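**Student:** Structure file protein25.cif (mmCIF, C-alpha atoms) is given on the next line.
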```cif
data_final
loop_
_atom_site.group_PDB
_atom_site.id
_atom_site.type_symbol
_atom_site.label_atom_id
_atom_site.label_comp_id
_atom_site.auth_asym_id
_atom_site.auth_seq_id
_atom_site.Cartn_x
_atom_site.Cartn_y
_atom_site.Cartn_z
ATOM 1 C CA MET D 1 9.849 37.118 -19.373
ATOM 2 C CA SER D 2 8.513 35.751 -16.094
ATOM 3 C CA TYR D 3 6.552 32.502 -16.021
ATOM 4 C CA LYS D 4 3.491 34.452 -14.912
ATOM 5 C CA ASN D 5 3.647 36.720 -17.947
ATOM 6 C CA GLU D 6 4.350 33.765 -20.225
ATOM 7 C CA TRP D 7 1.177 32.164 -18.899
ATOM 8 C CA PHE D 8 -0.826 35.312 -19.689
ATOM 9 C CA LEU D 9 0.284 35.026 -23.331
ATOM 10 C CA LEU D 10 -0.464 31.310 -23.476
ATOM 11 C CA GLU D 11 -3.876 31.833 -21.911
ATOM 12 C CA ALA D 12 -4.770 34.257 -24.693
ATOM 13 C CA ASP D 13 -3.473 31.975 -27.464
ATOM 14 C CA ASP D 14 -6.107 30.419 -29.733
ATOM 15 C CA ASP D 15 -4.476 26.968 -29.503
ATOM 16 C CA ILE D 16 -5.265 26.633 -25.837
ATOM 17 C CA ASP D 17 -8.988 26.702 -26.654
ATOM 18 C CA GLU D 18 -8.543 23.281 -28.289
ATOM 19 C CA ILE D 19 -7.590 21.719 -24.941
ATOM 20 C CA GLU D 20 -10.469 20.416 -22.862
ATOM 21 C CA HIS D 21 -9.955 18.397 -19.697
ATOM 22 C CA ARG D 22 -12.265 15.575 -18.731
ATOM 23 C CA GLU D 23 -14.633 16.150 -15.837
ATOM 24 C CA PRO D 24 -12.834 15.754 -12.504
ATOM 25 C CA THR D 25 -15.813 13.755 -11.240
ATOM 26 C CA GLU D 26 -14.586 10.637 -13.047
ATOM 27 C CA GLU D 27 -11.132 10.873 -11.502
ATOM 28 C CA PHE D 28 -12.561 11.517 -8.053
ATOM 29 C CA LEU D 29 -14.872 8.505 -8.303
ATOM 30 C CA PHE D 30 -11.899 6.356 -9.274
ATOM 31 C CA TYR D 31 -9.812 7.639 -6.354
ATOM 32 C CA ARG D 32 -12.781 7.037 -4.069
ATOM 33 C CA ALA D 33 -13.160 3.478 -5.367
ATOM 34 C CA VAL D 34 -9.541 2.797 -4.427
ATOM 35 C CA ALA D 35 -9.880 4.443 -1.002
ATOM 36 C CA THR D 36 -13.038 2.490 -0.160
ATOM 37 C CA GLY D 37 -11.596 -0.829 -1.296
ATOM 38 C CA ASP D 38 -13.927 -1.283 -4.273
ATOM 39 C CA VAL D 39 -11.602 -3.764 -5.960
ATOM 40 C CA ASP D 40 -13.992 -4.702 -8.772
ATOM 41 C CA LYS D 41 -14.467 -1.101 -9.878
ATOM 42 C CA VAL D 42 -10.728 -0.405 -9.708
ATOM 43 C CA ARG D 43 -9.929 -3.544 -11.689
ATOM 44 C CA GLN D 44 -12.499 -2.569 -14.329
ATOM 45 C CA ASN D 45 -10.871 0.859 -14.689
ATOM 46 C CA CYS D 46 -7.479 -0.812 -15.130
ATOM 47 C CA GLU D 47 -8.815 -3.246 -17.733
ATOM 48 C CA GLN D 48 -10.301 -0.333 -19.696
ATOM 49 C CA GLY D 49 -6.894 1.379 -19.737
ATOM 50 C CA ARG D 50 -8.298 4.697 -18.557
ATOM 51 C CA PHE D 51 -4.964 5.763 -17.102
ATOM 52 C CA VAL D 52 -3.281 5.900 -20.514
ATOM 53 C CA GLU D 53 -6.147 7.450 -22.459
ATOM 54 C CA GLY D 54 -5.013 10.847 -23.703
ATOM 55 C CA GLU D 55 -8.388 12.472 -24.350
ATOM 56 C CA GLY D 56 -9.282 15.045 -21.724
ATOM 57 C CA VAL D 57 -5.984 14.650 -19.883
ATOM 58 C CA GLY D 58 -3.552 17.505 -19.412
ATOM 59 C CA ILE D 59 -0.151 17.413 -21.082
ATOM 60 C CA LEU D 60 2.413 17.842 -18.313
ATOM 61 C CA SER D 61 5.497 17.077 -20.401
ATOM 62 C CA ARG D 62 6.318 16.959 -24.094
ATOM 63 C CA ASP D 63 8.038 13.628 -23.428
ATOM 64 C CA PRO D 64 5.233 10.986 -23.403
ATOM 65 C CA VAL D 65 6.946 8.788 -20.799
ATOM 66 C CA ILE D 66 7.686 11.675 -18.442
ATOM 67 C CA ASN D 67 4.163 12.972 -19.007
ATOM 68 C CA LEU D 68 2.738 9.631 -17.872
ATOM 69 C CA LYS D 69 5.103 9.543 -14.893
ATOM 70 C CA TYR D 70 3.865 12.955 -13.766
ATOM 71 C CA HIS D 71 0.273 11.723 -13.952
ATOM 72 C CA PHE D 72 1.305 8.630 -12.002
ATOM 73 C CA VAL D 73 2.719 10.804 -9.194
ATOM 74 C CA ILE D 74 -0.474 12.889 -9.058
ATOM 75 C CA THR D 75 -2.654 9.768 -8.921
ATOM 76 C CA THR D 76 -0.514 8.225 -6.193
ATOM 77 C CA ALA D 77 -0.578 11.422 -4.121
ATOM 78 C CA MET D 78 -4.364 11.719 -4.344
ATOM 79 C CA ILE D 79 -4.972 8.057 -3.539
ATOM 80 C CA THR D 80 -2.538 8.149 -0.630
ATOM 81 C CA ARG D 81 -4.343 11.032 1.026
ATOM 82 C CA LEU D 82 -7.818 9.597 0.472
ATOM 83 C CA CYS D 83 -6.753 6.212 1.830
ATOM 84 C CA ARG D 84 -5.279 7.983 4.842
ATOM 85 C CA GLN D 85 -8.573 9.846 5.373
ATOM 86 C CA ASN D 86 -10.417 6.521 5.172
ATOM 87 C CA GLY D 87 -8.324 5.007 7.930
ATOM 88 C CA MET D 88 -5.114 3.568 6.486
ATOM 89 C CA GLU D 89 -2.210 3.943 8.912
ATOM 90 C CA LEU D 90 -0.337 7.154 8.130
ATOM 91 C CA GLU D 91 3.086 5.555 7.817
ATOM 92 C CA GLN D 92 1.785 2.683 5.722
ATOM 93 C CA ALA D 93 0.011 5.063 3.337
ATOM 94 C CA PHE D 94 3.019 7.318 2.786
ATOM 95 C CA ARG D 95 5.665 4.589 2.781
ATOM 96 C CA LEU D 96 3.659 2.748 0.130
ATOM 97 C CA SER D 97 3.426 5.961 -1.891
ATOM 98 C CA ASP D 98 7.185 6.538 -1.643
ATOM 99 C CA PHE D 99 7.837 2.947 -2.688
ATOM 100 C CA TYR D 100 5.787 3.106 -5.875
ATOM 101 C CA ILE D 101 6.945 6.582 -6.899
ATOM 102 C CA GLN D 102 10.583 5.558 -6.463
ATOM 103 C CA LYS D 103 9.921 2.623 -8.802
ATOM 104 C CA LEU D 104 9.437 5.177 -11.593
ATOM 105 C CA ASP D 105 13.209 5.660 -11.623
ATOM 106 C CA ASP D 106 13.651 2.126 -12.933
ATOM 107 C CA ILE D 107 11.168 2.157 -15.806
ATOM 108 C CA HIS D 108 11.469 3.834 -19.182
ATOM 109 C CA THR D 109 8.430 3.034 -21.313
ATOM 110 C CA GLU D 110 4.765 4.034 -21.261
ATOM 111 C CA GLU D 111 3.760 0.374 -21.005
ATOM 112 C CA GLU D 112 5.860 -0.064 -17.851
ATOM 113 C CA VAL D 113 4.375 3.053 -16.241
ATOM 114 C CA HIS D 114 0.896 1.801 -17.098
ATOM 115 C CA ARG D 115 1.631 -1.598 -15.557
ATOM 116 C CA LEU D 116 3.078 -0.006 -12.424
ATOM 117 C CA HIS D 117 0.016 2.242 -12.106
ATOM 118 C CA ASP D 118 -2.367 -0.710 -12.275
ATOM 119 C CA GLU D 119 -0.361 -2.654 -9.724
ATOM 120 C CA MET D 120 -0.207 0.364 -7.402
ATOM 121 C CA VAL D 121 -3.932 1.147 -7.436
ATOM 122 C CA MET D 122 -4.860 -2.511 -6.983
ATOM 123 C CA ASP D 123 -2.460 -2.761 -4.044
ATOM 124 C CA TYR D 124 -4.020 0.245 -2.311
ATOM 125 C CA ALA D 125 -7.553 -0.958 -3.088
ATOM 126 C CA GLU D 126 -6.933 -4.441 -1.726
ATOM 127 C CA LYS D 127 -5.401 -3.064 1.466
ATOM 128 C CA MET D 128 -8.362 -0.710 1.925
ATOM 129 C CA ARG D 129 -10.840 -3.535 1.337
ATOM 130 C CA LYS D 130 -9.242 -5.551 4.130
ATOM 131 C CA TYR D 131 -9.239 -2.497 6.373
ATOM 132 C CA SER D 132 -12.886 -1.575 5.734
ATOM 133 C CA ARG D 133 -13.986 -5.122 6.503
ATOM 134 C CA SER D 134 -12.325 -5.212 9.897
ATOM 135 C CA ASP D 135 -12.071 -1.692 11.300
ATOM 136 C CA THR D 136 -14.635 -0.273 13.703
ATOM 137 C CA ASN D 137 -12.161 1.076 16.234
ATOM 138 C CA SER D 138 -12.041 4.213 18.340
ATOM 139 C CA LYS D 139 -9.492 6.971 17.977
ATOM 140 C CA HIS D 140 -7.301 5.526 20.738
ATOM 141 C CA ILE D 141 -7.174 2.068 19.189
ATOM 142 C CA ASN D 142 -6.496 3.421 15.704
ATOM 143 C CA ALA D 143 -3.642 5.484 17.147
ATOM 144 C CA CYS D 144 -2.412 2.351 18.871
ATOM 145 C CA LYS D 145 -2.376 0.468 15.578
ATOM 146 C CA GLU D 146 -0.571 3.387 13.923
ATOM 147 C CA TYR D 147 2.174 3.202 16.527
ATOM 148 C CA ILE D 148 2.499 -0.571 16.205
ATOM 149 C CA TYR D 149 2.794 -0.346 12.407
ATOM 150 C CA SER D 150 5.454 2.363 12.622
ATOM 151 C CA HIS D 151 7.497 0.492 15.252
ATOM 152 C CA ILE D 152 6.832 -3.111 14.210
ATOM 153 C CA LYS D 153 10.561 -3.883 13.971
ATOM 154 C CA GLU D 154 11.072 -2.847 17.597
ATOM 155 C CA ARG D 155 10.135 -4.491 20.873
ATOM 156 C CA ILE D 156 6.776 -2.899 21.792
ATOM 157 C CA THR D 157 5.153 -3.072 25.216
ATOM 158 C CA ILE D 158 1.744 -2.000 26.464
ATOM 159 C CA GLU D 159 3.571 0.615 28.542
ATOM 160 C CA ASP D 160 5.136 2.081 25.374
ATOM 161 C CA LEU D 161 1.712 2.396 23.795
ATOM 162 C CA ALA D 162 0.086 3.834 26.919
ATOM 163 C CA ASP D 163 2.830 6.456 27.245
ATOM 164 C CA GLU D 164 2.442 7.400 23.582
ATOM 165 C CA LEU D 165 -1.327 7.876 23.973
ATOM 166 C CA GLY D 166 -1.191 9.447 27.435
ATOM 167 C CA VAL D 167 -3.436 6.860 29.074
ATOM 168 C CA SER D 168 -2.912 4.140 31.657
ATOM 169 C CA SER D 169 -1.725 0.738 30.482
ATOM 170 C CA GLY D 170 -4.635 -0.960 32.256
ATOM 171 C CA TYR D 171 -7.217 1.211 30.516
ATOM 172 C CA LEU D 172 -5.584 0.737 27.099
ATOM 173 C CA SER D 173 -5.311 -3.005 27.588
ATOM 174 C CA ARG D 174 -9.011 -3.316 28.434
ATOM 175 C CA LEU D 175 -10.106 -1.014 25.618
ATOM 176 C CA PHE D 176 -7.973 -2.803 23.026
ATOM 177 C CA LYS D 177 -9.340 -6.225 23.994
ATOM 178 C CA LYS D 178 -12.913 -4.908 24.028
ATOM 179 C CA GLU D 179 -12.703 -3.342 20.556
ATOM 180 C CA THR D 180 -10.510 -5.833 18.715
ATOM 181 C CA GLY D 181 -11.258 -9.073 20.532
ATOM 182 C CA VAL D 182 -7.558 -9.780 21.094
ATOM 183 C CA SER D 183 -4.957 -8.591 23.564
ATOM 184 C CA VAL D 184 -2.361 -5.990 22.650
ATOM 185 C CA SER D 185 0.420 -8.561 22.809
ATOM 186 C CA ALA D 186 -1.495 -10.970 20.554
ATOM 187 C CA TYR D 187 -2.110 -8.192 18.018
ATOM 188 C CA ILE D 188 1.555 -7.162 18.020
ATOM 189 C CA ARG D 189 2.585 -10.777 17.568
ATOM 190 C CA SER D 190 0.188 -11.249 14.642
ATOM 191 C CA GLN D 191 1.534 -8.124 12.932
ATOM 192 C CA LYS D 192 5.124 -9.273 13.363
ATOM 193 C CA ILE D 193 4.264 -12.723 12.036
ATOM 194 C CA ASP D 194 2.517 -11.196 9.017
ATOM 195 C CA MET D 195 5.671 -9.253 8.207
ATOM 196 C CA ALA D 196 7.772 -12.370 8.795
ATOM 197 C CA LYS D 197 5.592 -14.267 6.305
ATOM 198 C CA ASN D 198 6.277 -11.624 3.646
ATOM 199 C CA LEU D 199 10.010 -11.763 4.364
ATOM 200 C CA LEU D 200 9.958 -15.544 4.087
ATOM 201 C CA ARG D 201 8.077 -15.396 0.796
ATOM 202 C CA PHE D 202 9.787 -12.504 -0.927
ATOM 203 C CA SER D 203 13.296 -12.175 0.559
ATOM 204 C CA ASP D 204 16.365 -14.314 1.110
ATOM 205 C CA TYR D 205 16.837 -13.304 4.759
ATOM 206 C CA SER D 206 17.798 -16.183 7.027
ATOM 207 C CA MET D 207 15.647 -17.181 9.999
ATOM 208 C CA ILE D 208 18.008 -15.488 12.447
ATOM 209 C CA GLU D 209 18.024 -12.301 10.328
ATOM 210 C CA ILE D 210 14.221 -12.193 10.278
ATOM 211 C CA ALA D 211 14.070 -12.876 14.015
ATOM 212 C CA ASN D 212 16.506 -10.029 14.662
ATOM 213 C CA ARG D 213 14.809 -7.599 12.264
ATOM 214 C CA LEU D 214 11.493 -8.076 14.054
ATOM 215 C CA SER D 215 13.016 -7.986 17.566
ATOM 216 C CA PHE D 216 12.167 -11.507 18.645
ATOM 217 C CA SER D 217 14.253 -12.466 21.664
ATOM 218 C CA SER D 218 15.896 -15.336 19.775
ATOM 219 C CA GLN D 219 15.607 -17.464 16.658
ATOM 220 C CA SER D 220 14.001 -20.273 18.656
ATOM 221 C CA HIS D 221 11.442 -17.832 20.089
ATOM 222 C CA PHE D 222 10.625 -16.632 16.579
ATOM 223 C CA ILE D 223 10.163 -20.220 15.336
ATOM 224 C CA GLN D 224 7.944 -21.054 18.316
ATOM 225 C CA GLN D 225 5.760 -17.962 17.876
ATOM 226 C CA PHE D 226 5.508 -18.482 14.119
ATOM 227 C CA ARG D 227 4.431 -22.110 14.534
ATOM 228 C CA GLU D 228 1.767 -21.155 17.084
ATOM 229 C CA VAL D 229 0.229 -18.541 14.763
ATOM 230 C CA VAL D 230 0.683 -20.122 11.327
ATOM 231 C CA GLY D 231 0.582 -23.809 12.170
ATOM 232 C CA MET D 232 3.942 -24.644 10.582
ATOM 233 C CA THR D 233 7.592 -23.700 11.034
ATOM 234 C CA PRO D 234 9.070 -20.724 9.167
ATOM 235 C CA LYS D 235 11.234 -23.111 7.129
ATOM 236 C CA LYS D 236 8.245 -25.144 5.980
ATOM 237 C CA TYR D 237 6.355 -21.949 5.183
ATOM 238 C CA ARG D 238 9.240 -20.705 3.018
ATOM 239 C CA ASP D 239 9.567 -24.097 1.310
ATOM 240 C CA GLU D 240 5.889 -24.018 0.351
ATOM 241 C CA TYR D 241 5.290 -20.336 -0.412
ATOM 242 C CA TYR D 242 8.580 -18.759 -1.490
ATOM 243 C CA MET D 243 7.771 -16.286 -4.286
ATOM 244 C CA VAL D 244 4.138 -17.407 -4.273
ATOM 245 C CA GLN D 245 1.307 -14.875 -4.200
ATOM 246 C CA TRP D 246 -2.147 -15.378 -2.685
ATOM 247 C CA ASP D 247 -5.341 -15.063 -4.680
ATOM 248 C CA ILE D 248 -7.496 -13.076 -2.263
ATOM 249 C CA GLU D 249 -10.786 -14.179 -3.804
ATOM 250 C CA SER D 250 -10.176 -17.928 -3.774
ATOM 251 C CA GLY D 251 -7.814 -18.126 -0.816
ATOM 252 C CA SER D 252 -5.419 -20.249 -2.843
ATOM 253 C CA PRO D 253 -1.781 -19.578 -3.780
ATOM 254 C CA HIS D 254 -0.462 -19.130 -7.300
ATOM 255 C CA LEU D 255 2.962 -18.433 -8.714
ATOM 256 C CA ASP D 256 3.986 -14.783 -8.588
ATOM 257 C CA ASP D 257 4.869 -13.786 -12.147
ATOM 258 C CA SER D 258 6.158 -10.421 -10.921
ATOM 259 C CA ALA D 259 9.419 -12.164 -10.056
ATOM 260 C CA ASN D 260 9.913 -12.434 -13.824
ATOM 261 C CA GLY D 261 8.909 -8.856 -14.538
ATOM 262 C CA ALA D 262 5.249 -9.524 -15.306
ATOM 263 C CA PRO D 263 3.091 -8.773 -12.255
ATOM 264 C CA ASN D 264 -0.323 -10.384 -12.300
ATOM 265 C CA ILE D 265 -2.459 -7.521 -11.006
ATOM 266 C CA GLN D 266 -5.720 -9.318 -11.675
ATOM 267 C CA ASN D 267 -5.229 -11.546 -8.656
ATOM 268 C CA PHE D 268 -4.273 -8.953 -6.062
#
```
As structure tokens, please, write out the structure in this file.

**Tutor:**
Amino acid sequence: MSYKNEWFLLEADDDIDEIEHREPTEEFLFYRAVATGDVDKVRQNCEQGRFVEGEGVGILSRDPVINLKYHFVITTAMITRLCRQNGMELEQAFRLSDFYIQKLDDIHTEEEVHRLHDEMVMDYAEKMRKYSRSDTNSKHINACKEYIYSHIKERITIEDLADELGVSSGYLSRLFKKETGVSVSAYIRSQKIDMAKNLLRFSDYSMIEIANRLSFSSQSHFIQQFREVVGMTPKKYRDEYYMVQWDIESGSPHLDDSANGAPNIQNF
């Protein structure tokens, strides 16, 4: 029997009348809260445990863990696309989605899937909150930022960006400074330093490895640029903040419990 015919039989079965799905409005409002950076609303949803509530939710697998994983993938896919529509860089949105979905391979309980879900939605929401606070850019500048994000590990010049957008380097340079308040080179440097800060905090890469990964001309150049932007050397930054996570609300650091398998999603 084909799947289509099997569905016809199931559709006519009395048992299927017992299944009622919750209104999609609730799910859409949650996805929208994530995509607009409404961190408080997203956190409240997580605290209420709505993701693991079974009432009104379709059964996608007879295995409860796999069932929850399927719902996780659907949620991630929806959030990714809405965040993209609301301005998140394309590569960032989809790379983040791939990262979290791949993490499903390493977890085997409903509690772990639930915890991963809450961490994922809070991560997207926090990134979108930062974006919505700062972004008022034109199509050209957003495309410029997209390119920089996708090629941040390479050496990027204003000529590269102008060629990609099909405009003159002079025009792009003026437009970028007008809309963002900083030069293209300063923006690229800040993005590279932000990535360097994450590598210093959450990886064991050496200074020379980080400098090479981010295409600084030398280790000394990397140290100089880092000090100018951050106000301290990369070594001092690592000594102070290795495996430490920032509390966005208070602006203060706290220990990152996720290193011990217990991520603190409330402070993202």

**Student:** Suppose a student applies the PyMOL selection byres ((chain D and resi 162) around 12) to this structure; what residues should they get, written as a CSV table (one decimal) with C-alpha atoms, keeping the file's coordinate frame?

**Tutor:**
```csv
chain,number,residue,atom,x,y,z
D,140,HIS,CA,-7.3,5.5,20.7
D,141,ILE,CA,-7.2,2.1,19.2
D,143,ALA,CA,-3.6,5.5,17.1
D,144,CYS,CA,-2.4,2.4,18.9
D,147,TYR,CA,2.2,3.2,16.5
D,148,ILE,CA,2.5,-0.6,16.2
D,156,ILE,CA,6.8,-2.9,21.8
D,157,THR,CA,5.2,-3.1,25.2
D,158,ILE,CA,1.7,-2.0,26.5
D,159,GLU,CA,3.6,0.6,28.5
D,160,ASP,CA,5.1,2.1,25.4
D,161,LEU,CA,1.7,2.4,23.8
D,163,ASP,CA,2.8,6.5,27.2
D,164,GLU,CA,2.4,7.4,23.6
D,165,LEU,CA,-1.3,7.9,24.0
D,166,GLY,CA,-1.2,9.4,27.4
D,167,VAL,CA,-3.4,6.9,29.1
D,168,SER,CA,-2.9,4.1,31.7
D,169,SER,CA,-1.7,0.7,30.5
D,170,GLY,CA,-4.6,-1.0,32.3
D,171,TYR,CA,-7.2,1.2,30.5
D,172,LEU,CA,-5.6,0.7,27.1
D,173,SER,CA,-5.3,-3.0,27.6
D,174,ARG,CA,-9.0,-3.3,28.4
D,175,LEU,CA,-10.1,-1.0,25.6
D,176,PHE,CA,-8.0,-2.8,23.0
D,184,VAL,CA,-2.4,-6.0,22.6
```

**Student:** Quick check on the file I pasted: which residues fall under the PyMOL selection byres ((chain D and resi 109) around 12)? Write them as a list in words.

**Tutor:**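 Taken over the shown coordinates, the PyMOL selection byres ((chain D and resi 109) around 12) returns Asp63, Pro64, Val65, Ile66, Asn67, Leu68, Lys69, Leu104, Asp105, Asp106, Ile107, His108, Glu110, Glu111, Glu112, Val113, His114, Arg115 and Leu116 of chain D.
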
**Student:** Suppose we keep C-alpha atoms; can you now write the selection as a compact mmCIF listing (two decimals), in the frame of the given file?

**Tutor:**
```
# COMPACT_ATOMS: atom_id res chain seq x y z
CA ASP D 63 8.04 13.63 -23.43
CA PRO D 64 5.23 10.99 -23.40
CA VAL D 65 6.95 8.79 -20.80
CA ILE D 66 7.69 11.68 -18.44
CA ASN D 67 4.16 12.97 -19.01
CA LEU D 68 2.74 9.63 -17.87
CA LYS D 69 5.10 9.54 -14.89
CA LEU D 104 9.44 5.18 -11.59
CA ASP D 105 13.21 5.66 -11.62
CA ASP D 106 13.65 2.13 -12.93
CA ILE D 107 11.17 2.16 -15.81
CA HIS D 108 11.47 3.83 -19.18
CA GLU D 110 4.76 4.03 -21.26
CA GLU D 111 3.76 0.37 -21.00
CA GLU D 112 5.86 -0.06 -17.85
CA VAL D 113 4.38 3.05 -16.24
CA HIS D 114 0.90 1.80 -17.10
CA ARG D 115 1.63 -1.60 -15.56
CA LEU D 116 3.08 -0.01 -12.42
```

**Student:** For the file shown, report as a list in words the outcome of the PyMOL selection byres ((chain D and resi 222-235) around 8) at residue level.

**Tutor:** Arg189, Ser190, Ile193, Lys197, Leu200, Met207, Ala211, Phe216, Ser217, Ser218, Gln219, Ser220, His221, Lys236, Tyr237, Arg238 and Asp239 of chain D

**Student:** With all atoms listed in the file as the counted atoms, please give the residues lying no more than 10 Å from Glu27 of chain D, apart from itself and same-chain residues fewer than 5 positions off, as a VMD selection string.

**Tutor:** chain D and resid 22 32 to 33 50 to 51 75 78

**Student:** Can you tell me, as an mmCIF file with C-alpha atoms, in the frame of the given file, what residues are no more than 9 Å from Thr76 of chain D when counting all atoms listed in the file, ignoring any on the same chain fewer than 2 positions away?

**Tutor:**
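Result saved to part.cif:
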```cif
data_model
loop_
_atom_site.group_PDB
_atom_site.id
_atom_site.type_symbol
_atom_site.label_atom_id
_atom_site.label_comp_id
_atom_site.auth_asym_id
_atom_site.auth_seq_id
_atom_site.Cartn_x
_atom_site.Cartn_y
_atom_site.Cartn_z
ATOM 1 C CA HIS D 71 0.273 11.723 -13.952
ATOM 2 C CA PHE D 72 1.305 8.630 -12.002
ATOM 3 C CA VAL D 73 2.719 10.804 -9.194
ATOM 4 C CA ILE D 74 -0.474 12.889 -9.058
ATOM 5 C CA MET D 78 -4.364 11.719 -4.344
ATOM 6 C CA ILE D 79 -4.972 8.057 -3.539
ATOM 7 C CA THR D 80 -2.538 8.149 -0.630
ATOM 8 C CA ARG D 81 -4.343 11.032 1.026
ATOM 9 C CA SER D 97 3.426 5.961 -1.891
ATOM 10 C CA TYR D 100 5.787 3.106 -5.875
ATOM 11 C CA ILE D 101 6.945 6.582 -6.899
ATOM 12 C CA HIS D 117 0.016 2.242 -12.106
ATOM 13 C CA MET D 120 -0.207 0.364 -7.402
ATOM 14 C CA VAL D 121 -3.932 1.147 -7.436
#
```

**Student:** Excluding Ala93 of chain D and residues on its chain fewer than 6 positions from it, collect all residues at most 12 Å away from it, counting all atoms listed in the file, and give them as a list of chain:residue names.

**Tutor:**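 Selected residues are D:Ala35, D:Thr76, D:Ala77, D:Met78, D:Ile79, D:Thr80, D:Arg81, D:Leu82, D:Cys83, D:Arg84, D:Gln85, D:Asn86, D:Gly87, D:Phe99, D:Tyr100, D:Met120, D:Asp123, D:Tyr124, D:Ala125, D:Lys127, D:Met128, D:Glu146, D:Tyr149, D:Ser150.
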
**Student:** With C-alpha atoms retained, export the selected residues as a PDB file, in the coordinates of the input.

**Tutor:**
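Ended up saving to again.pdb:
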```
ATOM      1  CA  ALA D  35      -9.880   4.443  -1.002  1.00  0.00           C
ATOM      2  CA  THR D  76      -0.514   8.225  -6.193  1.00  0.00           C
ATOM      3  CA  ALA D  77      -0.578  11.422  -4.121  1.00  0.00           C
ATOM      4  CA  MET D  78      -4.364  11.719  -4.344  1.00  0.00           C
ATOM      5  CA  ILE D  79      -4.972   8.057  -3.539  1.00  0.00           C
ATOM      6  CA  THR D  80      -2.538   8.149  -0.630  1.00  0.00           C
ATOM      7  CA  ARG D  81      -4.343  11.032   1.026  1.00  0.00           C
ATOM      8  CA  LEU D  82      -7.818   9.597   0.472  1.00  0.00           C
ATOM      9  CA  CYS D  83      -6.753   6.212   1.830  1.00  0.00           C
ATOM     10  CA  ARG D  84      -5.279   7.983   4.842  1.00  0.00           C
ATOM     11  CA  GLN D  85      -8.573   9.846   5.373  1.00  0.00           C
ATOM     12  CA  ASN D  86     -10.417   6.521   5.172  1.00  0.00           C
ATOM     13  CA  GLY D  87      -8.324   5.007   7.930  1.00  0.00           C
ATOM     14  CA  PHE D  99       7.837   2.947  -2.688  1.00  0.00           C
ATOM     15  CA  TYR D 100       5.787   3.106  -5.875  1.00  0.00           C
ATOM     16  CA  MET D 120      -0.207   0.364  -7.402  1.00  0.00           C
ATOM     17  CA  ASP D 123      -2.460  -2.761  -4.044  1.00  0.00           C
ATOM     18  CA  TYR D 124      -4.020   0.245  -2.311  1.00  0.00           C
ATOM     19  CA  ALA D 125      -7.553  -0.958  -3.088  1.00  0.00           C
ATOM     20  CA  LYS D 127      -5.401  -3.064   1.466  1.00  0.00           C
ATOM     21  CA  MET D 128      -8.362  -0.710   1.925  1.00  0.00           C
ATOM     22  CA  GLU D 146      -0.571   3.387  13.923  1.00  0.00           C
ATOM     23  CA  TYR D 149       2.794  -0.346  12.407  1.00  0.00           C
ATOM     24  CA  SER D 150       5.454   2.363  12.622  1.00  0.00           C
TER      25      SER D 150
END
```

**Student:** So the first atom is atom CA of Lys178 of chain D and the second is atom CA of Ser138 of chain D; what is the distance between them in Å, to one decimal place?

**Tutor:**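 Going from atom CA of Lys178 of chain D over to atom CA of Ser138 of chain D covers 10.8 Å.
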
**Student:** At what distance in Å, to one decimal, does atom CA of Lys41 of chain D lie from atom CA of Leu29 of chain D?

**Tutor:**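 Atom CA of Lys41 of chain D lies at a distance of 9.7 Å from atom CA of Leu29 of chain D.
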
**Student:** What is the atom CA of Arg213 of chain D to atom CA of Arg129 of chain D distance in Å?

**Tutor:**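 For atom CA of Arg213 of chain D relative to atom CA of Arg129 of chain D, the distance reads 28.2 Å.
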
**Student:** Select segment 192-208 of chain D in the preceding structure and write C-alpha atoms to a file as a compact mmCIF listing (two decimals), in the first residue's frame.

**Tutor:**
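See selection18.txt below for the written result:
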```
# COMPACT_ATOMS: atom_id res chain seq x y z
CA LYS D 192 37.78 40.41 13.62
CA ILE D 193 38.55 41.48 17.18
CA ASP D 194 35.12 40.30 18.34
CA MET D 195 35.83 36.88 16.87
CA ALA D 196 39.31 36.92 18.41
CA LYS D 197 37.76 37.63 21.82
CA ASN D 198 35.54 34.55 21.49
CA LEU D 199 38.51 32.42 20.45
CA LEU D 200 40.50 33.69 23.43
CA ARG D 201 37.63 32.95 25.80
CA PHE D 202 36.40 29.63 24.49
CA SER D 203 39.30 27.95 22.65
CA ASP D 204 42.88 26.93 23.32
CA TYR D 205 44.28 28.44 20.11
CA SER D 206 47.59 30.22 20.57
CA MET D 207 48.01 33.90 19.75
CA ILE D 208 49.78 33.11 16.48
```
